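See below for the structure under consideration.
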Amino acid sequence: MPENCPSINRMSVFDEPTLGVSNADKKNLRLSTSCAIEYCQKDRPFCQEARHITTGAITYLELHEPRLALCVRSWGSCSLLSKRVKNAYEQHRRMDAKRLAAGEPPAAAPPPQAPPAQAPALAP
């Protein structure tokens with residue numbers, strides 16, 4: 001875990017030199033993170049997700065980006081996932097507030113599902 005970081009979602013994985021994430025890799029890493037959080041519930045912060053959901057998302061991300069598996073205690077994956085889930089959670093709360101203001105019921109959250117932990121297909 002990088003020193004002087006007060007919170008896991010404030011860590012910068014992209015600026016960590018030991019991971020060697022280039023500018024070209026940032027887009028792919030963001031896309032993989034977006035795919036991993038599709039299985040998280042948007043009505044709660046990352047720290048309140050069910051354990052099997054968090055574990056599945058971390059596994060999915062580390063299988064698709066092996067450099068993140070080098071991080072101690074998965075801090076790299078957790079940092080990326082925490083940021084993305086936080087943004088999705090805040091968006092969910094804003095949309096629920098708009099629905100309530102319009103007199104509509106809040107959106108129902110789908111039941112949690114773990115992402116498939118299969119390795120990415122290798123290019124021929």
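Order determines the names: the first chain of the structure tokens is A, the second B, and so forth; residues in each chain are numbered 1 upward, and ligands are numbered 1 upward as they are shown.
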Would you list the contacts of Ala36 (chain A) as a PyMOL selection string, taking every protein, DNA or RNA residue within 9 Å and counting only C-alpha atoms, but skipping same-chain residues closer than 2 positions in sequence? chain A and resi 31-34+38-40+56-61+81+115
Please provide as a PyMOL selection string all residues within 10 Å of Arg44 (chain A), with the sequence filter that same-chain residues fewer than 3 positions apart are discarded (counting only C-alpha atoms). chain A and resi 40-41+47-49+85-86+88-90+92-93+109
For those residues, write C-alpha atoms to a file as a compact mmCIF listing (two decimals), in the first residue's frame.
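Result file is selection-v3.txt:
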# COMPACT_ATOMS: atom_id res chain seq x y z
CA CYS A 40 -21.86 -4.76 -7.42
CA GLN A 41 -24.99 -3.27 -5.94
CA CYS A 47 -17.26 -1.33 2.01
CA GLN A 48 -20.86 -2.54 2.51
CA GLU A 49 -20.95 -4.92 -0.45
CA VAL A 85 -18.48 1.88 -6.86
CA LYS A 86 -18.42 5.20 -4.96
CA ALA A 88 -21.99 4.59 -9.05
CA TYR A 89 -23.41 4.84 -5.51
CA GLU A 90 -23.47 8.63 -5.63
CA HIS A 92 -27.74 6.04 -7.69
CA ARG A 93 -28.47 8.36 -4.75
CA ALA A 109 -31.74 -2.97 -6.49
Surrounding residues of region 66-69 of chain A excluding itself and chain neighbours under 6 positions, 9 Å, only C-alpha atoms, as a compact mmCIF listing (two decimals) with C-alpha atoms, in the first residue's frame:
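around_33.txt written:
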# COMPACT_ATOMS: atom_id res chain seq x y z
CA VAL A 13 -2.95 3.09 -9.03
CA LEU A 19 2.85 -1.37 -11.33
CA GLY A 20 4.07 0.18 -14.57
CA VAL A 21 0.66 1.24 -15.89
CA THR A 59 -10.69 -11.79 -8.71
CA TRP A 75 -4.97 -2.74 -2.54
CA GLY A 76 -4.69 -1.88 -6.25
CA SER A 77 -7.91 -3.64 -7.21
For Thr55 (chain A), the nearest of the candidates A:Leu29, A:Ala101, A:Ile37, A:Met95, counting only C-alpha atoms: A:Ile37
Using only C-alpha atoms: which of A:Leu100, A:Pro106, A:Asp25, A:Ser82 has the shortest distance to Pro45 (chain A): A:Ser82
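You will find CA of Arg30 (chain A) at 8.2 Å from CA of Leu80 (chain A).
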